[in-house]
Amino acid sequence: MPSTQALTPMVSPGKTTPVAWHHLADRVLDGGSIGREDALAILNSPDVELLDLLAAAWRVRHHFFGNTVQLFFLMNAKSGLCPEDCGYCSQSKVSEAEIPRYNLLSAPKLLEAAKTAAERQSKTFCIVISARSPSEREIDFVCKIVPEIKQQYDLNICACLGLLTPEQAQRLATAGVDKVNHNLNTSERFYPEICTTHTYADRVATLEACRSAGLQLCSGGIMGMGETRDDLVDMAMELRAIGVESIPLNFLNSIDGTPLETTNRLTPRDCLRGLAMMRLVNPSSEIRIAGGREIHLGSLQSLGLYAANSMFVGDYLTTQGQLPDADYKMIAEMGFVITRGQESDALPMPPTL
Ligand code: SF4
């Protein structure tokens, strides 16, 4: 972990210069960290400085990950039927979205999905269920299928099963699960606006249980739910304090039938500033451009990979993603390579963008 220097802001909102972003990158590359005022200045920065900001984020991203891109493949092993009321989610009890609803998939279907993940050069296969927390049967199922998947395919396994007790987290670790995904989603302040059936503290407790069990942590959030920029900074800072290894940044796909169906406030440049802020606050974490990238980043998707170093390949939980061939083409055209190696391979200093 980088040392925490005195967090004197280096840039102030409205007074940025292109070179300021490189000073932030210098600080981070020297082992320091940026403070919340700098993080906020990134989110407030003008479009005219966007390329300089991305260039600064790229220097940090390249230092830790070179020109590599890690791919993740998602399988929704149980869809819909969730008793929670997360406003962004098409699978919640308050959602009227037209989505497939099914109970736990069979083992052969999961193995078939793992095969697809391996064929698509994914590093990580993510097993997701819609639930407040997993039932005994669901935990048993995951603990049984994970060794079978790992025996057949060279895949890391990430499990996203809802709130977990310390005992459940330990069982997953013992079964060979590498990582658990449990997103903070937003700030503690804004959390009650998007969910009332569980709390932000419940989510943090699950991350702590997973950390204690020796599992790696995957936790990120969603931009564009009506939160403020301060909320986004709070979330990024909390992820840094927890020390999560993997951060998916989603951009709200306001699905018809969900409480947030009319919320759509992001520009592609906002998304890029969010990714750059996340990179500079969490320099060595794997940062993933997650759900909503096709909708919100549009033709600027590829620029996101100058800050982020991973993405999902294929579909999301209940929405379709870009075709895998389009992702491979984008990665190749950027001169990037798909890696299935370690998440923090230190590579030589970058060329300039
Ligand atoms: S707990 Fe998960 S599946 Fe359930 S409503 Fe919330 S985000 Fe959706």
# chains A, B, ... in the order shown; residues from 1 in each chain; ligands from 1
>>> select_by_dssp(residues="stretch 149-338 of chain A", states="helix (DSSP H, G or I)", output="ChimeraX atom specification")
/A:149-152,166-175,191-194,200-212,229-242,268-281,293-296,298-304,324-333
>>> residues_near_ligand(ligand="ligand 1", cutoff="7 Å", atoms="only C-alpha atoms and all ligand atoms", output="PDB file with N, CA and C atoms, in the first residue's frame")
ATOM      1  N   GLY A  80     -33.387 -12.675 -10.788  1.00  0.00           N
ATOM      2  CA  GLY A  80     -34.650 -12.130 -10.289  1.00  0.00           C
ATOM      3  C   GLY A  80     -35.004 -12.689  -8.917  1.00  0.00           C
ATOM      4  N   CYS A  82     -35.410 -11.454  -6.061  1.00  0.00           N
ATOM      5  CA  CYS A  82     -34.654 -10.994  -4.897  1.00  0.00           C
ATOM      6  C   CYS A  82     -35.552 -10.207  -3.946  1.00  0.00           C
ATOM      7  N   PRO A  83     -35.451 -10.456  -2.655  1.00  0.00           N
ATOM      8  CA  PRO A  83     -36.313  -9.752  -1.694  1.00  0.00           C
ATOM      9  C   PRO A  83     -35.857  -8.336  -1.360  1.00  0.00           C
ATOM     10  N   GLU A  84     -34.706  -7.926  -1.890  1.00  0.00           N
ATOM     11  CA  GLU A  84     -34.186  -6.589  -1.560  1.00  0.00           C
ATOM     12  C   GLU A  84     -34.783  -5.535  -2.502  1.00  0.00           C
ATOM     13  N   ASP A  85     -34.547  -4.254  -2.178  1.00  0.00           N
ATOM     14  CA  ASP A  85     -35.189  -3.198  -2.978  1.00  0.00           C
ATOM     15  C   ASP A  85     -34.189  -2.216  -3.594  1.00  0.00           C
ATOM     16  N   CYS A  86     -33.038  -2.700  -3.988  1.00  0.00           N
ATOM     17  CA  CYS A  86     -32.023  -1.824  -4.600  1.00  0.00           C
ATOM     18  C   CYS A  86     -32.619  -1.161  -5.847  1.00  0.00           C
ATOM     19  N   CYS A  89     -31.606  -1.973  -9.575  1.00  0.00           N
ATOM     20  CA  CYS A  89     -31.484  -3.379  -9.963  1.00  0.00           C
ATOM     21  C   CYS A  89     -32.782  -3.924 -10.557  1.00  0.00           C
ATOM     22  N   SER A  90     -32.664  -4.547 -11.705  1.00  0.00           N
ATOM     23  CA  SER A  90     -33.836  -5.114 -12.370  1.00  0.00           C
ATOM     24  C   SER A  90     -34.314  -6.398 -11.699  1.00  0.00           C
ATOM     25  N   GLN A  91     -33.534  -6.909 -10.759  1.00  0.00           N
ATOM     26  CA  GLN A  91     -33.883  -8.194 -10.131  1.00  0.00           C
ATOM     27  C   GLN A  91     -34.542  -8.021  -8.760  1.00  0.00           C
ATOM     28  N   SER A  92     -34.734  -6.772  -8.346  1.00  0.00           N
ATOM     29  CA  SER A  92     -35.247  -6.525  -6.997  1.00  0.00           C
ATOM     30  C   SER A  92     -36.744  -6.787  -6.917  1.00  0.00           C
ATOM     31  N   LYS A  93     -37.229  -6.849  -5.688  1.00  0.00           N
ATOM     32  CA  LYS A  93     -38.665  -7.108  -5.491  1.00  0.00           C
ATOM     33  C   LYS A  93     -39.515  -5.946  -5.980  1.00  0.00           C
ATOM     34  N   ILE A 129     -25.477 -14.643  -7.923  1.00  0.00           N
ATOM     35  CA  ILE A 129     -26.880 -14.991  -7.691  1.00  0.00           C
ATOM     36  C   ILE A 129     -27.608 -13.752  -7.171  1.00  0.00           C
ATOM     37  N   SER A 130     -28.872 -13.663  -7.492  1.00  0.00           N
ATOM     38  CA  SER A 130     -29.678 -12.558  -6.963  1.00  0.00           C
ATOM     39  C   SER A 130     -30.196 -12.998  -5.604  1.00  0.00           C
ATOM     40  N   ALA A 131     -29.785 -12.289  -4.568  1.00  0.00           N
ATOM     41  CA  ALA A 131     -30.206 -12.692  -3.224  1.00  0.00           C
ATOM     42  C   ALA A 131     -29.778 -11.640  -2.223  1.00  0.00           C
ATOM     43  N   ARG A 132     -30.512 -11.575  -1.116  1.00  0.00           N
ATOM     44  CA  ARG A 132     -30.008 -10.780   0.003  1.00  0.00           C
ATOM     45  C   ARG A 132     -28.749 -11.440   0.539  1.00  0.00           C
ATOM     46  N   GLY A 162     -24.307 -11.960  -2.382  1.00  0.00           N
ATOM     47  CA  GLY A 162     -25.020 -11.138  -1.405  1.00  0.00           C
ATOM     48  C   GLY A 162     -24.273 -11.062  -0.089  1.00  0.00           C
TER      49      GLY A 162
END
>>> closest_residue(among="A:Glu208, A:Glu138, A:Glu261, A:Asp47", to="A:Ala241", atoms="only C-alpha atoms")
A:Glu208
>>> residues_around(residues="stretch 148-156 of chain A", least_positions_apart="4", cutoff="10 Å", atoms="only C-alpha atoms", output="list in words")
Phe72, Ala107, Leu110, Leu111, Glu112, Ala113, Ala114, Lys115, Ala117, Ala118, Glu119, Gln121, Ser122, Lys123, Thr124, Phe125, Cys126, Cys143, Lys144, Gly176, Val177, Asp178, Lys179 and Arg340 of chain A
>>> write_last_selection(atoms="N, CA and C atoms", output="mmCIF file, in the first residue's frame")
data_model
loop_
_atom_site.group_PDB
_atom_site.id
_atom_site.type_symbol
_atom_site.label_atom_id
_atom_site.label_comp_id
_atom_site.auth_asym_id
_atom_site.auth_seq_id
_atom_site.Cartn_x
_atom_site.Cartn_y
_atom_site.Cartn_z
ATOM 1 N N PHE A 72 -13.203 -10.288 -17.619
ATOM 2 C CA PHE A 72 -14.038 -10.994 -16.653
ATOM 3 C C PHE A 72 -15.306 -11.441 -17.373
ATOM 4 N N ALA A 107 -25.645 -27.603 -12.485
ATOM 5 C CA ALA A 107 -24.175 -27.684 -12.564
ATOM 6 C C ALA A 107 -23.691 -27.734 -14.023
ATOM 7 N N LEU A 110 -23.580 -24.274 -15.470
ATOM 8 C CA LEU A 110 -22.474 -23.458 -14.933
ATOM 9 C C LEU A 110 -21.145 -23.871 -15.559
ATOM 10 N N LEU A 111 -20.967 -25.174 -15.724
ATOM 11 C CA LEU A 111 -19.712 -25.664 -16.325
ATOM 12 C C LEU A 111 -19.610 -25.213 -17.788
ATOM 13 N N GLU A 112 -20.740 -25.213 -18.458
ATOM 14 C CA GLU A 112 -20.757 -24.749 -19.860
ATOM 15 C C GLU A 112 -20.381 -23.259 -19.921
ATOM 16 N N ALA A 113 -20.900 -22.492 -18.954
ATOM 17 C CA ALA A 113 -20.570 -21.055 -18.919
ATOM 18 C C ALA A 113 -19.084 -20.855 -18.615
ATOM 19 N N ALA A 114 -18.545 -21.685 -17.728
ATOM 20 C CA ALA A 114 -17.112 -21.580 -17.406
ATOM 21 C C ALA A 114 -16.276 -21.876 -18.651
ATOM 22 N N LYS A 115 -16.738 -22.825 -19.435
ATOM 23 C CA LYS A 115 -16.030 -23.158 -20.685
ATOM 24 C C LYS A 115 -16.018 -21.933 -21.618
ATOM 25 N N ALA A 117 -16.258 -18.853 -20.703
ATOM 26 C CA ALA A 117 -15.367 -17.846 -20.106
ATOM 27 C C ALA A 117 -13.918 -18.123 -20.487
ATOM 28 N N ALA A 118 -13.515 -19.393 -20.398
ATOM 29 C CA ALA A 118 -12.128 -19.757 -20.738
ATOM 30 C C ALA A 118 -11.867 -19.513 -22.222
ATOM 31 N N GLU A 119 -12.831 -19.885 -23.057
ATOM 32 C CA GLU A 119 -12.658 -19.688 -24.505
ATOM 33 C C GLU A 119 -12.546 -18.208 -24.868
ATOM 34 N N GLN A 121 -11.007 -16.027 -23.235
ATOM 35 C CA GLN A 121 -9.759 -15.507 -22.653
ATOM 36 C C GLN A 121 -9.981 -14.743 -21.355
ATOM 37 N N SER A 122 -11.049 -15.075 -20.635
ATOM 38 C CA SER A 122 -11.280 -14.402 -19.356
ATOM 39 C C SER A 122 -10.281 -14.884 -18.338
ATOM 40 N N LYS A 123 -9.913 -13.977 -17.486
ATOM 41 C CA LYS A 123 -9.079 -14.371 -16.356
ATOM 42 C C LYS A 123 -9.965 -14.875 -15.221
ATOM 43 N N THR A 124 -11.141 -14.275 -15.115
ATOM 44 C CA THR A 124 -11.994 -14.543 -13.956
ATOM 45 C C THR A 124 -13.408 -14.886 -14.392
ATOM 46 N N PHE A 125 -13.945 -15.918 -13.773
ATOM 47 C CA PHE A 125 -15.332 -16.327 -13.997
ATOM 48 C C PHE A 125 -16.121 -15.896 -12.760
ATOM 49 N N CYS A 126 -17.131 -15.071 -12.984
ATOM 50 C CA CYS A 126 -17.888 -14.518 -11.856
ATOM 51 C C CYS A 126 -19.227 -15.240 -11.745
ATOM 52 N N CYS A 143 -19.903 -24.133 -3.381
ATOM 53 C CA CYS A 143 -18.714 -24.808 -2.835
ATOM 54 C C CYS A 143 -18.435 -26.127 -3.564
ATOM 55 N N LYS A 144 -19.456 -26.725 -4.132
ATOM 56 C CA LYS A 144 -19.249 -27.985 -4.859
ATOM 57 C C LYS A 144 -18.795 -27.734 -6.299
ATOM 58 N N GLY A 176 -12.136 -22.859 -2.563
ATOM 59 C CA GLY A 176 -11.277 -22.427 -3.669
ATOM 60 C C GLY A 176 -11.735 -21.154 -4.364
ATOM 61 N N VAL A 177 -12.780 -20.513 -3.836
ATOM 62 C CA VAL A 177 -13.162 -19.210 -4.387
ATOM 63 C C VAL A 177 -12.006 -18.240 -4.148
ATOM 64 N N ASP A 178 -11.631 -17.493 -5.185
ATOM 65 C CA ASP A 178 -10.494 -16.572 -5.051
ATOM 66 C C ASP A 178 -10.924 -15.223 -4.499
ATOM 67 N N LYS A 179 -12.096 -14.826 -4.897
ATOM 68 C CA LYS A 179 -12.476 -13.435 -4.655
ATOM 69 C C LYS A 179 -13.983 -13.359 -4.465
ATOM 70 N N ARG A 340 -3.825 -12.965 -18.544
ATOM 71 C CA ARG A 340 -4.461 -13.788 -17.508
ATOM 72 C C ARG A 340 -3.487 -13.942 -16.359
#
>>> atom_distance(atom1="atom CA of A:Val142", atom2="atom CA of A:Gly220")
22.5 Å
>>> residues_around(residues="A:Leu323", least_positions_apart="4", cutoff="8 Å", atoms="only C-alpha atoms", output="list in words")
Val313, Gly314 and Asp327 of chain A
>>> write_last_selection(atoms="N, CA and C atoms", output="PDB file, in the first residue's frame")
ATOM      1  N   VAL A 313     -16.337  -9.188 -20.545  1.00  0.00           N
ATOM      2  CA  VAL A 313     -16.545  -9.569 -21.929  1.00  0.00           C
ATOM      3  C   VAL A 313     -17.845 -10.376 -21.974  1.00  0.00           C
ATOM      4  N   GLY A 314     -18.748  -9.982 -22.853  1.00  0.00           N
ATOM      5  CA  GLY A 314     -20.036 -10.674 -22.918  1.00  0.00           C
ATOM      6  C   GLY A 314     -21.115  -9.855 -22.252  1.00  0.00           C
ATOM      7  N   ASP A 327     -14.956  -6.200 -28.625  1.00  0.00           N
ATOM      8  CA  ASP A 327     -14.022  -5.921 -27.521  1.00  0.00           C
ATOM      9  C   ASP A 327     -12.598  -6.305 -27.909  1.00  0.00           C
TER      10      ASP A 327
END
>>> residues_around(residues="A:Leu300", least_positions_apart="3", cutoff="9 Å", atoms="only C-alpha atoms", output="count of residues only")
7
>>> residues_around(residues="A:Phe312", least_positions_apart="5", cutoff="12 Å", atoms="only C-alpha atoms", output="number ranges by chain")
A: 69-75, 117, 120-126, 248-250, 287-294, 317, 320-324, 327-328, 338
>>> residues_around(residues="stretch 263-266 of chain A", least_positions_apart="6", cutoff="10 Å", atoms="only C-alpha atoms", output="count of residues only")
13
>>> select_by_dssp(residues="stretch 114-319 of chain A", states="strand (DSSP E)", output="number ranges by chain")
A: 124-129, 156-160, 179-181, 216-218, 221-223, 246-251, 286-289, 310-312
>>> closest_residue(among="A:Asp270, A:Glu286, A:Glu193, A:Asp230", to="A:Glu245", atoms="only C-alpha atoms")
A:Glu286
>>> atom_distance(atom1="atom CA of A:Leu260", atom2="atom CA of A:Glu98")
14.8 Å
